[in-house]
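Participant: The file below is structure-v9.txt, compact mmCIF, C-alpha atoms:
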```
# COMPACT_ATOMS: atom_id res chain seq x y z
CA MET A 685 0.00 0.00 0.00
CA PRO A 686 2.68 2.57 0.92
CA ARG A 687 4.46 1.98 -2.36
CA GLY A 688 1.35 2.79 -4.38
CA LEU A 689 0.78 5.82 -2.18
CA GLY A 690 4.35 6.98 -2.76
CA ALA A 691 4.04 6.61 -6.51
CA THR A 692 0.74 8.52 -6.48
CA ALA A 693 2.28 11.27 -4.36
CA ALA A 694 5.29 11.56 -6.69
CA ALA A 695 3.06 11.68 -9.76
CA LEU A 696 0.79 14.30 -8.21
CA LEU A 697 3.77 16.41 -7.13
CA LEU A 698 5.13 16.37 -10.69
CA LEU A 699 1.71 17.19 -12.09
CA GLY A 700 1.37 19.98 -9.50
CA LEU A 701 4.75 21.40 -10.43
CA GLY A 702 3.73 21.44 -14.08
CA ALA A 703 0.40 23.05 -13.25
CA ALA A 704 2.00 25.69 -11.04
CA LEU A 705 4.74 26.62 -13.50
CA GLY A 706 3.11 25.94 -16.85
CA TYR A 707 -0.64 25.71 -16.72
CA ALA A 708 -1.50 28.46 -14.23
CA PRO A 709 -1.32 31.95 -15.70
CA ARG A 710 1.12 34.59 -14.56
CA ASP A 711 -0.37 36.80 -11.85
CA ALA A 712 -1.37 40.18 -13.24
CA VAL A 713 -0.27 42.13 -10.16
CA GLN A 714 2.55 40.16 -8.61
CA GLY A 715 4.03 38.42 -11.63
CA ASN A 716 5.81 35.08 -11.29
CA VAL A 717 6.51 35.56 -7.58
CA GLN A 718 2.91 34.66 -6.92
CA ARG A 719 3.58 31.08 -8.07
CA ILE A 720 5.13 30.28 -4.70
CA MET A 721 1.54 30.19 -3.44
CA TYR A 722 1.22 26.71 -4.98
CA LEU A 723 3.78 25.56 -2.42
CA HIS A 724 2.84 27.85 0.45
CA VAL A 725 -0.90 27.22 0.74
CA PRO A 726 -0.76 23.40 0.42
CA ALA A 727 2.04 23.37 3.02
CA ILE A 728 0.00 25.15 5.69
CA LEU A 729 -3.15 23.15 4.94
CA THR A 730 -1.14 19.95 5.32
CA ALA A 731 0.33 21.25 8.56
CA TYR A 732 -3.18 21.78 9.96
CA VAL A 733 -4.11 18.25 8.95
CA ALA A 734 -0.96 17.00 10.71
CA ILE A 735 -1.92 18.90 13.88
CA ALA A 736 -5.40 17.37 13.76
CA VAL A 737 -3.80 13.92 13.46
CA VAL A 738 -1.60 14.67 16.50
CA LEU A 739 -4.71 15.65 18.48
CA ALA A 740 -6.69 12.56 17.48
CA ALA A 741 -3.77 10.18 18.04
CA SER A 742 -2.98 11.78 21.43
CA ILE A 743 -6.55 11.33 22.65
CA ALA A 744 -6.54 7.76 21.36
CA TYR A 745 -3.27 7.07 23.17
CA LEU A 746 -4.52 8.35 26.53
CA GLY A 747 -7.69 6.32 26.01
CA GLY A 748 -6.06 2.94 25.56
CA ARG A 749 -2.30 3.39 26.10
CA ARG A 750 -1.54 1.59 22.88
CA ALA A 751 1.92 2.33 21.47
CA VAL A 752 0.44 2.35 17.96
CA TRP A 753 -1.23 5.72 18.58
CA ASP A 754 1.86 7.16 20.13
CA ARG A 755 3.85 6.39 16.97
CA VAL A 756 1.18 8.01 14.81
CA ALA A 757 1.31 11.11 17.03
CA VAL A 758 5.10 11.45 16.86
CA ALA A 759 5.22 10.92 13.12
CA ALA A 760 2.47 13.50 12.59
CA ALA A 761 4.11 16.02 14.94
CA GLU A 762 7.42 15.73 13.08
CA LEU A 763 5.62 16.32 9.81
CA ALA A 764 3.70 19.25 11.33
CA VAL A 765 7.03 20.90 12.20
CA CYS A 766 8.33 20.24 8.67
CA PHE A 767 5.27 21.66 6.95
CA ILE A 768 4.93 24.70 9.22
CA GLY A 769 8.65 25.32 8.62
CA LEU A 770 8.12 25.06 4.87
CA THR A 771 5.22 27.52 5.16
CA LEU A 772 7.35 30.04 7.03
CA VAL A 773 10.26 29.71 4.60
CA THR A 774 8.17 29.98 1.43
CA GLY A 775 6.26 32.89 2.96
CA SER A 776 9.52 34.68 3.66
CA ILE A 777 10.78 34.09 0.13
CA TRP A 778 7.50 35.53 -1.18
CA GLY A 779 7.51 38.38 1.32
CA LYS A 780 10.94 39.74 0.49
CA PRO A 781 10.19 40.84 -3.11
CA THR A 782 6.49 41.59 -2.45
CA TRP A 783 6.48 43.35 0.91
CA GLY A 784 10.17 44.25 0.90
CA THR A 785 10.87 42.36 4.11
CA TRP A 786 11.57 38.78 5.15
CA TRP A 787 9.44 39.02 8.24
CA THR A 788 6.70 41.23 9.60
CA TRP A 789 4.59 40.89 12.75
CA ASP A 790 1.40 40.35 10.86
CA ALA A 791 -1.26 38.35 12.73
CA ARG A 792 -1.08 35.28 10.52
CA LEU A 793 2.69 35.20 10.46
CA THR A 794 2.87 35.57 14.21
CA SER A 795 0.34 32.86 15.00
CA THR A 796 2.03 30.48 12.54
CA ALA A 797 5.40 31.13 14.16
CA VAL A 798 3.87 30.38 17.57
CA LEU A 799 2.58 27.05 16.24
CA PHE A 800 6.06 26.25 14.98
CA VAL A 801 7.52 26.86 18.45
CA ILE A 802 4.83 24.76 20.18
CA TYR A 803 5.49 21.70 18.03
CA LEU A 804 9.25 22.14 18.27
CA GLY A 805 8.68 22.06 22.04
CA TYR A 806 6.71 18.85 21.58
CA LEU A 807 9.66 17.19 19.84
CA LEU A 808 12.04 18.60 22.45
CA LEU A 809 9.94 17.13 25.27
CA ARG A 810 10.05 13.72 23.63
CA SER A 811 13.79 13.87 23.22
CA VAL A 812 14.51 14.56 26.91
CA VAL A 813 12.24 11.92 28.50
CA GLU A 814 14.01 8.57 28.52
CA ASP A 815 11.21 6.34 29.70
CA ARG A 816 9.17 5.45 26.62
CA GLU A 817 5.75 5.25 28.23
CA ARG A 818 6.24 8.39 30.23
CA ALA A 819 7.42 10.26 27.12
CA ALA A 820 4.34 9.05 25.26
CA THR A 821 1.95 10.17 28.03
CA TYR A 822 3.53 13.59 28.49
CA ALA A 823 3.63 14.14 24.75
CA ALA A 824 -0.02 13.14 24.43
CA VAL A 825 -1.04 15.74 27.03
CA LEU A 826 1.03 18.40 25.27
CA GLY A 827 -0.37 17.31 21.90
CA ILE A 828 -3.93 17.82 23.16
CA LEU A 829 -3.27 21.16 24.87
CA GLY A 830 -1.33 22.46 21.88
CA ALA A 831 -4.09 21.61 19.42
CA LEU A 832 -6.76 23.14 21.71
CA ASP A 833 -4.71 26.32 21.81
CA VAL A 834 -4.43 26.65 18.02
CA PRO A 835 -7.80 28.43 17.48
CA ILE A 836 -7.35 30.58 20.62
CA ILE A 837 -3.91 31.71 19.51
CA HIS A 838 -5.31 32.45 16.09
CA PHE A 839 -8.08 34.70 17.44
CA SER A 840 -5.99 36.42 20.09
CA VAL A 841 -3.28 37.36 17.63
CA GLN A 842 -5.83 38.37 15.01
CA TRP A 843 -7.65 40.66 17.45
CA TRP A 844 -4.41 42.00 18.80
CA ARG A 845 -3.54 43.20 15.32
CA THR A 846 -6.96 44.39 14.24
CA LEU A 847 -7.59 46.38 17.41
CA HIS A 848 -4.07 47.70 17.38
CA GLN A 849 -4.01 48.95 13.82
CA PRO A 850 -6.15 47.83 10.93
CA ALA A 851 -4.54 45.52 8.41
CA THR A 852 -3.24 47.81 5.70
CA VAL A 853 -1.13 46.87 2.69
CA LEU A 854 -0.01 43.58 4.11
CA ARG A 855 -2.99 41.56 2.97
CA PRO A 856 -1.97 38.51 1.00
CA GLN A 857 -5.34 37.77 -0.61
CA ALA A 858 -5.65 38.30 -4.31
CA PRO A 859 -8.94 39.95 -5.29
CA THR A 860 -10.45 36.93 -7.00
CA MET A 861 -8.82 33.82 -8.24
CA ASP A 862 -8.55 32.68 -11.83
CA GLY A 863 -10.05 29.26 -12.63
CA ALA A 864 -6.76 27.82 -13.87
CA MET A 865 -5.01 29.01 -10.72
CA LEU A 866 -7.61 27.25 -8.60
CA VAL A 867 -7.07 24.01 -10.52
CA ALA A 868 -3.30 24.24 -10.07
CA LEU A 869 -3.77 24.92 -6.36
CA ALA A 870 -6.15 21.99 -5.94
CA VAL A 871 -3.70 19.61 -7.65
CA ASN A 872 -0.94 20.76 -5.34
CA VAL A 873 -3.09 20.42 -2.23
CA ALA A 874 -3.90 16.86 -3.25
CA ALA A 875 -0.21 16.19 -3.94
CA PHE A 876 0.83 17.52 -0.52
CA LEU A 877 -1.83 15.55 1.37
CA CYS A 878 -0.79 12.43 -0.50
CA THR A 879 2.86 13.09 0.33
CA PHE A 880 1.91 13.61 3.97
CA ALA A 881 0.06 10.29 4.09
CA TYR A 882 3.01 8.54 2.49
CA LEU A 883 5.63 10.07 4.80
CA LEU A 884 3.40 9.38 7.81
CA SER A 885 3.11 5.71 6.92
CA ARG A 886 6.87 5.41 6.27
CA ARG A 887 7.80 7.16 9.51
CA TYR A 888 5.34 5.02 11.40
CA ARG A 889 6.91 1.89 9.95
CA LEU A 890 10.39 3.10 10.86
CA LEU A 891 9.33 3.82 14.46
CA THR A 892 7.84 0.33 14.70
CA LEU A 893 11.08 -1.22 13.45
CA GLU A 894 13.09 0.87 15.91
CA THR A 895 10.96 -0.34 18.81
CA GLU A 896 11.32 -3.93 17.65
CA ALA A 897 15.07 -3.59 17.30
CA ALA A 898 15.29 -2.10 20.79
CA THR A 899 13.31 -4.94 22.37
CA ARG A 900 15.36 -7.56 20.52
CA ALA A 901 18.61 -6.02 21.68
CA TRP A 902 17.53 -6.78 25.24
CA GLN A 903 16.89 -10.45 24.58
CA MET B 1203 -23.03 13.92 45.69
CA PRO B 1204 -20.35 12.11 47.71
CA GLY B 1205 -17.85 12.02 44.79
CA GLY B 1206 -18.08 15.77 44.40
CA THR B 1207 -17.41 16.55 48.04
CA ALA B 1208 -14.44 14.14 48.20
CA PHE B 1209 -13.07 15.88 45.13
CA LEU B 1210 -13.39 19.32 46.70
CA ARG B 1211 -12.05 18.03 50.01
CA SER B 1212 -8.83 16.81 48.43
CA ALA B 1213 -8.52 20.06 46.48
CA ARG B 1214 -8.90 22.04 49.70
CA ALA B 1215 -6.44 19.82 51.55
CA VAL B 1216 -3.74 20.29 48.90
CA PHE B 1217 -4.43 24.03 48.76
CA TRP B 1218 -4.11 24.51 52.54
CA LYS B 1219 -1.06 22.27 52.69
CA ASP B 1220 0.69 24.44 50.08
CA LEU B 1221 -0.26 27.65 51.86
CA LEU B 1222 0.86 26.25 55.19
CA VAL B 1223 4.24 25.21 53.77
CA GLU B 1224 4.52 28.67 52.30
CA ARG B 1225 3.66 30.35 55.60
CA ARG B 1226 6.07 28.23 57.61
CA ALA B 1227 9.01 28.46 55.25
CA LYS B 1228 8.34 31.93 53.78
CA GLU B 1229 11.35 31.62 51.50
CA GLY B 1230 9.17 31.08 48.42
CA ALA B 1231 7.06 34.21 48.81
CA ASN B 1232 10.05 36.28 49.95
CA ALA B 1233 12.16 35.20 47.01
CA LEU B 1234 9.30 35.96 44.62
CA ALA B 1235 8.78 39.45 46.07
CA PHE B 1236 12.51 40.15 45.92
CA PHE B 1237 12.69 38.91 42.34
CA ALA B 1238 9.77 41.16 41.38
CA ILE B 1239 11.42 44.23 42.92
CA LEU B 1240 14.61 43.41 41.03
CA LEU B 1241 12.59 43.34 37.82
CA LEU B 1242 11.33 46.84 38.61
CA PHE B 1243 14.93 48.04 38.80
CA LEU B 1244 15.77 46.33 35.51
CA PHE B 1245 12.77 47.86 33.76
CA TYR B 1246 13.81 51.26 35.06
CA PHE B 1247 17.29 50.85 33.56
CA ALA B 1248 15.85 49.56 30.31
CA LEU B 1249 13.39 52.44 29.89
CA GLY B 1250 15.00 55.42 31.60
CA PRO B 1251 13.39 57.99 33.87
CA ASP B 1252 10.74 59.20 31.42
CA ARG B 1253 7.45 58.64 33.27
CA GLU B 1254 5.28 58.78 30.14
CA ARG B 1255 7.37 56.10 28.53
CA ILE B 1256 7.13 53.88 31.59
CA ARG B 1257 3.38 54.44 31.74
CA ALA B 1258 2.98 53.43 28.10
CA ALA B 1259 4.99 50.26 28.61
CA LEU B 1260 3.41 49.43 31.96
CA PRO B 1261 0.82 46.78 30.85
CA GLY B 1262 3.55 44.80 29.08
CA LEU B 1263 5.95 45.20 31.99
CA PHE B 1264 3.36 43.97 34.49
CA TRP B 1265 2.71 40.79 32.58
CA LEU B 1266 6.34 40.08 31.77
CA ALA B 1267 7.04 40.31 35.48
CA PHE B 1268 4.03 38.15 36.37
CA LEU B 1269 4.97 35.46 33.86
CA LEU B 1270 8.61 35.37 34.94
CA ALA B 1271 7.74 35.22 38.62
CA GLY B 1272 5.01 32.68 37.81
CA LEU B 1273 7.58 30.36 36.24
CA LEU B 1274 9.54 30.44 39.49
CA ALA B 1275 6.42 29.84 41.57
CA LEU B 1276 5.40 26.88 39.41
CA GLY B 1277 8.84 25.29 39.47
CA ARG B 1278 8.84 25.63 43.24
CA SER B 1279 5.37 24.22 43.70
CA PHE B 1280 6.49 20.83 42.43
CA ALA B 1281 10.12 21.00 43.57
CA LEU B 1282 8.69 20.75 47.10
CA GLU B 1283 6.81 17.59 46.20
CA ARG B 1284 9.89 16.01 44.68
CA GLU B 1285 11.83 16.20 47.94
CA ASN B 1286 11.27 13.22 50.21
CA ASP B 1287 9.09 11.59 47.51
CA CYS B 1288 6.07 13.62 48.58
CA LEU B 1289 4.65 13.21 45.07
CA ASP B 1290 4.22 9.47 45.70
CA GLY B 1291 2.20 10.37 48.78
CA LEU B 1292 -0.04 12.62 46.71
CA VAL B 1293 -0.52 9.95 44.07
CA LEU B 1294 -1.53 7.46 46.80
CA MET B 1295 -4.16 9.86 48.11
CA PRO B 1296 -7.59 8.27 47.58
CA GLY B 1297 -10.11 9.82 45.25
CA ASP B 1298 -10.02 11.77 42.05
CA LYS B 1299 -6.61 13.13 41.07
CA GLY B 1300 -8.34 16.18 39.65
CA GLY B 1301 -8.63 17.39 43.25
CA ILE B 1302 -4.84 17.56 43.53
CA TYR B 1303 -4.72 19.53 40.31
CA LEU B 1304 -7.33 22.00 41.54
CA GLY B 1305 -5.56 22.41 44.89
CA LYS B 1306 -2.20 23.01 43.25
CA LEU B 1307 -3.78 25.44 40.79
CA ALA B 1308 -5.43 27.36 43.62
CA GLY B 1309 -2.19 27.43 45.64
CA THR B 1310 -0.12 28.76 42.76
CA THR B 1311 -2.79 31.31 41.86
CA ALA B 1312 -3.00 32.56 45.46
CA LEU B 1313 0.78 32.89 45.73
CA MET B 1314 1.13 34.64 42.38
CA TRP B 1315 -1.83 36.90 43.05
CA SER B 1316 -0.45 38.19 46.34
CA MET B 1317 2.89 38.77 44.62
CA GLU B 1318 1.08 40.66 41.84
CA LEU B 1319 -0.66 42.93 44.35
CA ALA B 1320 2.68 43.72 45.97
CA PHE B 1321 4.22 44.32 42.55
CA ILE B 1322 1.48 46.75 41.48
CA VAL B 1323 1.78 48.72 44.72
CA ALA B 1324 5.59 48.79 44.48
CA THR B 1325 5.37 49.99 40.87
CA GLY B 1326 3.08 52.84 41.88
CA LEU B 1327 5.42 53.89 44.66
CA LEU B 1328 8.77 53.48 42.93
CA TYR B 1329 7.79 54.97 39.59
CA ASN B 1330 5.63 57.61 41.24
CA LEU B 1331 2.52 56.71 39.24
CA ASP B 1332 -1.03 57.20 40.43
CA LEU B 1333 -2.36 53.64 40.07
CA TRP B 1334 -4.64 53.55 43.13
CA PRO B 1335 -8.06 54.07 41.49
CA ALA B 1336 -7.30 51.32 38.95
CA ILE B 1337 -6.19 48.73 41.50
CA PRO B 1338 -9.48 46.78 41.97
CA ARG B 1339 -9.83 46.31 38.25
CA LEU B 1340 -6.12 45.52 37.83
CA LEU B 1341 -6.46 42.82 40.48
CA LEU B 1342 -9.44 41.31 38.68
CA VAL B 1343 -7.50 41.17 35.39
CA ALA B 1344 -4.48 39.77 37.23
CA PHE B 1345 -6.63 37.05 38.81
CA VAL B 1346 -8.31 35.88 35.62
CA GLY B 1347 -5.03 35.96 33.69
CA THR B 1348 -3.17 34.14 36.44
CA VAL B 1349 -5.74 31.33 36.52
CA GLY B 1350 -5.20 30.77 32.80
CA PHE B 1351 -1.43 30.81 33.15
CA ALA B 1352 -1.49 28.49 36.16
CA ALA B 1353 -4.03 26.13 34.53
CA ILE B 1354 -1.48 25.05 31.91
CA GLY B 1355 1.48 25.83 34.15
CA THR B 1356 0.42 23.38 36.87
CA LEU B 1357 0.22 20.57 34.31
CA PHE B 1358 3.61 21.34 32.81
CA ALA B 1359 5.26 21.87 36.18
CA ALA B 1360 4.07 18.42 37.28
CA MET B 1361 5.35 17.04 33.99
CA THR B 1362 8.78 18.64 34.03
CA ALA B 1363 9.39 18.23 37.80
CA GLN B 1364 10.62 14.69 37.16
CA LEU B 1365 12.92 15.55 34.27
CA ARG B 1366 16.54 16.53 34.17
CA ALA B 1367 16.14 19.57 31.93
CA ARG B 1368 13.16 20.99 33.89
CA GLU B 1369 14.52 24.54 34.30
CA VAL B 1370 14.69 25.00 30.55
CA LEU B 1371 11.81 22.82 29.55
CA LEU B 1372 9.08 24.48 31.64
CA PRO B 1373 9.37 27.94 30.05
CA VAL B 1374 9.98 26.52 26.58
CA LEU B 1375 6.81 24.44 26.67
CA LEU B 1376 4.64 26.84 28.65
CA LEU B 1377 5.29 30.30 27.21
CA PRO B 1378 4.15 29.65 23.61
CA LEU B 1379 0.92 28.08 24.85
CA VAL B 1380 0.04 31.00 27.13
CA ILE B 1381 0.55 33.67 24.48
CA PRO B 1382 -3.24 34.24 24.31
CA VAL B 1383 -3.23 34.91 28.09
CA LEU B 1384 -0.41 37.39 27.69
CA VAL B 1385 -2.06 39.18 24.76
CA ALA B 1386 -5.52 39.41 26.36
CA SER B 1387 -4.23 40.31 29.83
CA VAL B 1388 -1.99 43.06 28.51
CA ARG B 1389 -4.94 44.53 26.59
CA LEU B 1390 -7.23 44.36 29.63
CA THR B 1391 -4.54 45.86 31.86
CA GLU B 1392 -4.20 48.70 29.39
CA GLY B 1393 -7.97 49.22 29.57
CA ALA B 1394 -7.92 49.15 33.38
CA LEU B 1395 -5.09 51.67 33.59
CA GLY B 1396 -6.74 53.98 31.07
CA GLY B 1397 -10.15 53.60 32.77
CA GLU B 1398 -11.84 52.67 29.51
CA PRO B 1399 -15.48 51.44 29.69
CA TRP B 1400 -15.94 47.73 30.39
CA ALA B 1401 -17.93 47.16 27.23
CA ALA B 1402 -14.97 48.27 25.10
CA SER B 1403 -12.96 45.23 26.12
CA ALA B 1404 -15.76 42.65 26.27
CA ALA B 1405 -14.21 40.55 23.52
CA TRP B 1406 -10.94 40.27 25.44
CA TRP B 1407 -12.77 39.20 28.61
CA GLN B 1408 -14.52 36.52 26.59
CA LEU B 1409 -11.24 35.31 25.14
CA LEU B 1410 -9.50 35.19 28.50
CA LEU B 1411 -12.40 33.54 30.35
CA GLY B 1412 -12.81 31.05 27.49
CA PHE B 1413 -9.13 30.22 27.73
CA ASP B 1414 -9.41 29.70 31.50
CA ILE B 1415 -12.39 27.38 31.16
CA VAL B 1416 -10.92 25.31 28.29
CA PHE B 1417 -7.61 24.74 30.02
CA VAL B 1418 -8.90 24.17 33.56
CA VAL B 1419 -11.19 21.47 32.15
CA ALA B 1420 -8.36 20.02 30.04
CA GLY B 1421 -6.14 20.08 33.12
CA LEU B 1422 -8.70 18.27 35.27
CA LEU B 1423 -9.03 15.59 32.60
CA THR B 1424 -5.33 15.03 31.89
CA PHE B 1425 -3.62 15.59 35.26
CA GLU B 1426 -4.18 12.02 36.35
CA PHE B 1427 -2.23 10.71 33.35
CA ILE B 1428 0.72 12.91 34.20
CA LEU B 1429 0.81 11.92 37.87
CA GLU B 1430 0.68 8.25 37.07
CA ALA B 1431 3.19 8.26 34.23
```
Do you think you could lay out the structure here as structure tokens?

Facilitator:
Amino acid sequence: MPRGLGATAAALLLLGLGAALGYAPRDAVQGNVQRIMYLHVPAILTAYVAIAVVLAASIAYLGGRRAVWDRVAVAAAELAVCFIGLTLVTGSIWGKPTWGTWWTWDARLTSTAVLFVIYLGYLLLRSVVEDRERAATYAAVLGILGALDVPIIHFSVQWWRTLHQPATVLRPQAPTMDGAMLVALAVNVAAFLCTFAYLLSRRYRLLTLETEAATRAWQ
Amino acid sequence: MPGGTAFLRSARAVFWKDLLVERRAKEGANALAFFAILLLFLFYFALGPDRERIRAALPGLFWLAFLLAGLLALGRSFALERENDCLDGLVLMPGDKGGIYLGKLAGTTALMWSMELAFIVATGLLYNLDLWPAIPRLLLVAFVGTVGFAAIGTLFAAMTAQLRAREVLLPVLLLPLVIPVLVASVRLTEGALGGEPWAASAAWWQLLLGFDIVFVVAGLLTFEFILEA
């Protein structure tokens, strides 16, 4: 199954690349820089999916204490960090020519950066707890609290900006989206979600093998 | 409801135990107060003597000081339990472990809140600012914000108390999660200092109270897992 998934993901990524660079028209206002959106938007959507998987797997782990769910949670958290990181990097690359700066304390940027730090903390917590079951339990609690905080952080930072000063030029939305652009975006979202599923299954398998190897070493 | 009363009884027992330890030893509260005064000196050197500038930065300064002192208070709350394996005693206590969580949360909140009152008064005196009329409202904001901070903080302090890297890990895990508390509390403090009408900041009250409720409930539900891990 994973092999088929990997092949599908690879094919979709190639198709997405073609759609983003060839099929989708050049943006009238921003020019070719806008094409980074085909990487940026799928990355953050995939990151949200990864966070939802961490939440679900963490609840499932605390419910039954089965190591299976813990492995799903770790794998998803690692991917969440990767995809949030990719979002921040591609956003910066887009921001420099468009806004003239790599970073600005816009509400969305700030809340995304906070998410990045929370899930880095999650991985850090796992790396310092030696006992496997204890690490899994602690991480599950953090995974649940972190995911619950995501909407609250979003609103607090949003309000903080809007009440402070209204959003001015730094609004990323294009007025309306061209049909071809939407198709290219949809292909890339599908490609990213497929890639996420593939990487998740591979990482899960690797974690299982690691656990097996560790138990065998003791025998 | 016998389960409910046992739950509240254990919460009260843990709360009074923590206050009693604090009253007997005093070093915790004294150290916190001293630390807070030191922060006032540091802020003065960072901002200079301009009173208007200090006044403008005051809401942020308050909450930076509260969060920093709160980290110390939280670390201490469970450092005490680690000595002599007191934590094992707590875990063996009959009844719902949520009671321990609630007691610890109340203890930390009470300690931080009294420190915050002292800090606000000291700020008014040392910086020569007229804060007195705003104090009741400031204390209300401080209380609601502190409950939110301590709701997550108590969980993470229990979690990190057993670990080697606890001094680093507690702030690293806790601070990003309590950013909504910081943002809302700073805004509400600003409103309290400026005497703005209550209705103007209703959305921030909702956000902060919502945060408190979500994380106290999450804490009650997950604390048992942390204690028994």

Participant: If you measure from atom CA of Arg886 of chain A to atom CA of Gly688 of chain A, what distance in Å do you get, rounded to one decimal?

Facilitator: 12.3 Å

Participant: Just to confirm, what's the straight-line distance from atom CA of Arg755 of chain A to atom CA of Thr892 of chain A in Å (one decimal)?

Facilitator: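 Between these atoms lies a distance of 7.6 Å.
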
Participant: What lies within 10 Å of Leu891 of chain A using only C-alpha atoms, ignoring chain neighbours under 6 positions off, as a PyMOL selection string?

Facilitator: chain A and resi 752+754-756+758-759+885+897

Participant: Generate a file of the selected residues that holds C-alpha atoms, formatted as a short mmCIF file (atom, residue, chain, number, x, y, z; two decimals), in the coordinates of the input.

Facilitator:
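Writing the result to selection37.cif gives the following:
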```
data_model
loop_
_atom_site.label_atom_id
_atom_site.label_comp_id
_atom_site.auth_asym_id
_atom_site.auth_seq_id
_atom_site.Cartn_x
_atom_site.Cartn_y
_atom_site.Cartn_z
CA VAL A 752 0.44 2.35 17.96
CA ASP A 754 1.86 7.16 20.13
CA ARG A 755 3.85 6.39 16.97
CA VAL A 756 1.18 8.01 14.81
CA VAL A 758 5.10 11.45 16.86
CA ALA A 759 5.22 10.92 13.12
CA SER A 885 3.11 5.71 6.92
CA ALA A 897 15.07 -3.59 17.30
#
```

Participant: Considering all atoms listed in the file, return as a list in words whatever protein or nucleic-acid residues lie within 7 Å of Ala1431 of chain B, sequence-local ones (same chain, fewer than 2 positions apart) excluded.

Facilitator: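 Listed by chain and then number, they are Arg818 and Thr821 of chain A; Phe1427, Ile1428 and Leu1429 of chain B.
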
Participant: Keeping only C-alpha atoms, write the selected residues as a PDB file, in the frame of the given file.

Facilitator:
```
ATOM      1  CA  ARG A 818       6.240   8.390  30.230  1.00  0.00           C
ATOM      2  CA  THR A 821       1.950  10.170  28.030  1.00  0.00           C
TER       3      THR A 821
ATOM      4  CA  PHE B1427      -2.230  10.710  33.350  1.00  0.00           C
ATOM      5  CA  ILE B1428       0.720  12.910  34.200  1.00  0.00           C
ATOM      6  CA  LEU B1429       0.810  11.920  37.870  1.00  0.00           C
TER       7      LEU B1429
END
```

Participant: Pick the closest to chain B from A:Ser742, A:Thr774, A:Thr879, A:Thr895: which is it, counting all atoms listed in the file?

Facilitator: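 Of A:Ser742, A:Thr774, A:Thr879, A:Thr895, the one nearest chain B, counting all atoms listed in the file, is A:Ser742.
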
Participant: Just give me the gap between atom CA of Leu1357 of chain B and atom CA of Ala831 of chain A in Å, one decimal is fine.

Facilitator: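 Those two atoms sit 15.5 Å apart.
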
Participant: Please list as a ChimeraX atom specification every residue within 10 Å of Ala1344 of chain B, counting all atoms listed in the file and excluding residues in the same chain fewer than 6 positions away.

Facilitator: /B:1264-1265,1268,1311,1314-1315,1318-1319,1338,1387-1388,1390-1391

Participant: Between B:Pro1335, B:Tyr1329, B:Leu1422, B:Val1385, which is the closest to Asp1252 of chain B once you count all atoms listed in the file?

Facilitator: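 Looking only at the distances to Asp1252 of chain B, the closest residue turns out to be B:Tyr1329.
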
Participant: Please determine, counting all atoms listed in the file, which residue among A:Arg816, A:Ala731, A:Leu705, A:Trp753 has the shortest atom-to-atom distance to Ala898 of chain A.

Facilitator: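 Of all the options, A:Arg816 lies closest to Ala898 of chain A.
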
Participant: Please, which residues of chain A lie no more than 8 Å from chain B when the count uses all atoms listed in the file, and can they be set out as a VMD selection string?

Facilitator: chain A and resid 746 798 to 799 801 to 802 805 to 806 809 812 to 813 817 to 818 821 to 822 825 829 to 830 833 836 to 837 840 to 841 844

Participant: Need to verify the contact set: segment 1216-1218 of chain B, 12 Å, only C-alpha atoms, exclusion of same-chain residues closer than 5 positions in sequence. Can you return it as a count of residues only?

Facilitator: 30

Participant: Up to 12 Å from (13.5, 47.7, 35.6) in the file's coordinates: name the residues, counting all atoms listed in the file, as a ChimeraX atom specification.

Facilitator: /B:1237-1251,1256,1259-1260,1263-1264,1266-1267,1324-1325,1328-1329

Participant: Include C-alpha atoms and write out the residues we just selected as a CSV table (one decimal), in the coordinates of the input.

Facilitator:
```csv
chain,number,residue,atom,x,y,z
B,1237,PHE,CA,12.7,38.9,42.3
B,1238,ALA,CA,9.8,41.2,41.4
B,1239,ILE,CA,11.4,44.2,42.9
B,1240,LEU,CA,14.6,43.4,41.0
B,1241,LEU,CA,12.6,43.3,37.8
B,1242,LEU,CA,11.3,46.8,38.6
B,1243,PHE,CA,14.9,48.0,38.8
B,1244,LEU,CA,15.8,46.3,35.5
B,1245,PHE,CA,12.8,47.9,33.8
B,1246,TYR,CA,13.8,51.3,35.1
B,1247,PHE,CA,17.3,50.8,33.6
B,1248,ALA,CA,15.8,49.6,30.3
B,1249,LEU,CA,13.4,52.4,29.9
B,1250,GLY,CA,15.0,55.4,31.6
B,1251,PRO,CA,13.4,58.0,33.9
B,1256,ILE,CA,7.1,53.9,31.6
B,1259,ALA,CA,5.0,50.3,28.6
B,1260,LEU,CA,3.4,49.4,32.0
B,1263,LEU,CA,6.0,45.2,32.0
B,1264,PHE,CA,3.4,44.0,34.5
B,1266,LEU,CA,6.3,40.1,31.8
B,1267,ALA,CA,7.0,40.3,35.5
B,1324,ALA,CA,5.6,48.8,44.5
B,1325,THR,CA,5.4,50.0,40.9
B,1328,LEU,CA,8.8,53.5,42.9
B,1329,TYR,CA,7.8,55.0,39.6
```

Participant: Find the residues around Leu807 of chain A up to 8 Å (all atoms listed in the file counted), leave out those fewer than 3 positions away in its own chain, and share them as a list of chain:residue names.

Facilitator: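 Once the adjacent positions are removed, what remains is A:Val758, A:Ala761, A:Glu762, A:Tyr803, A:Leu804, A:Arg810, A:Ser811.
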
Participant: Around (9.8, 30.1, 37.5) in the file's frame, which residues reach within 10 Å when counting all atoms listed in the file? Return as a PyMOL selection string?

Facilitator: chain B and resi 1234+1268-1279+1355+1359+1369-1370+1372-1373
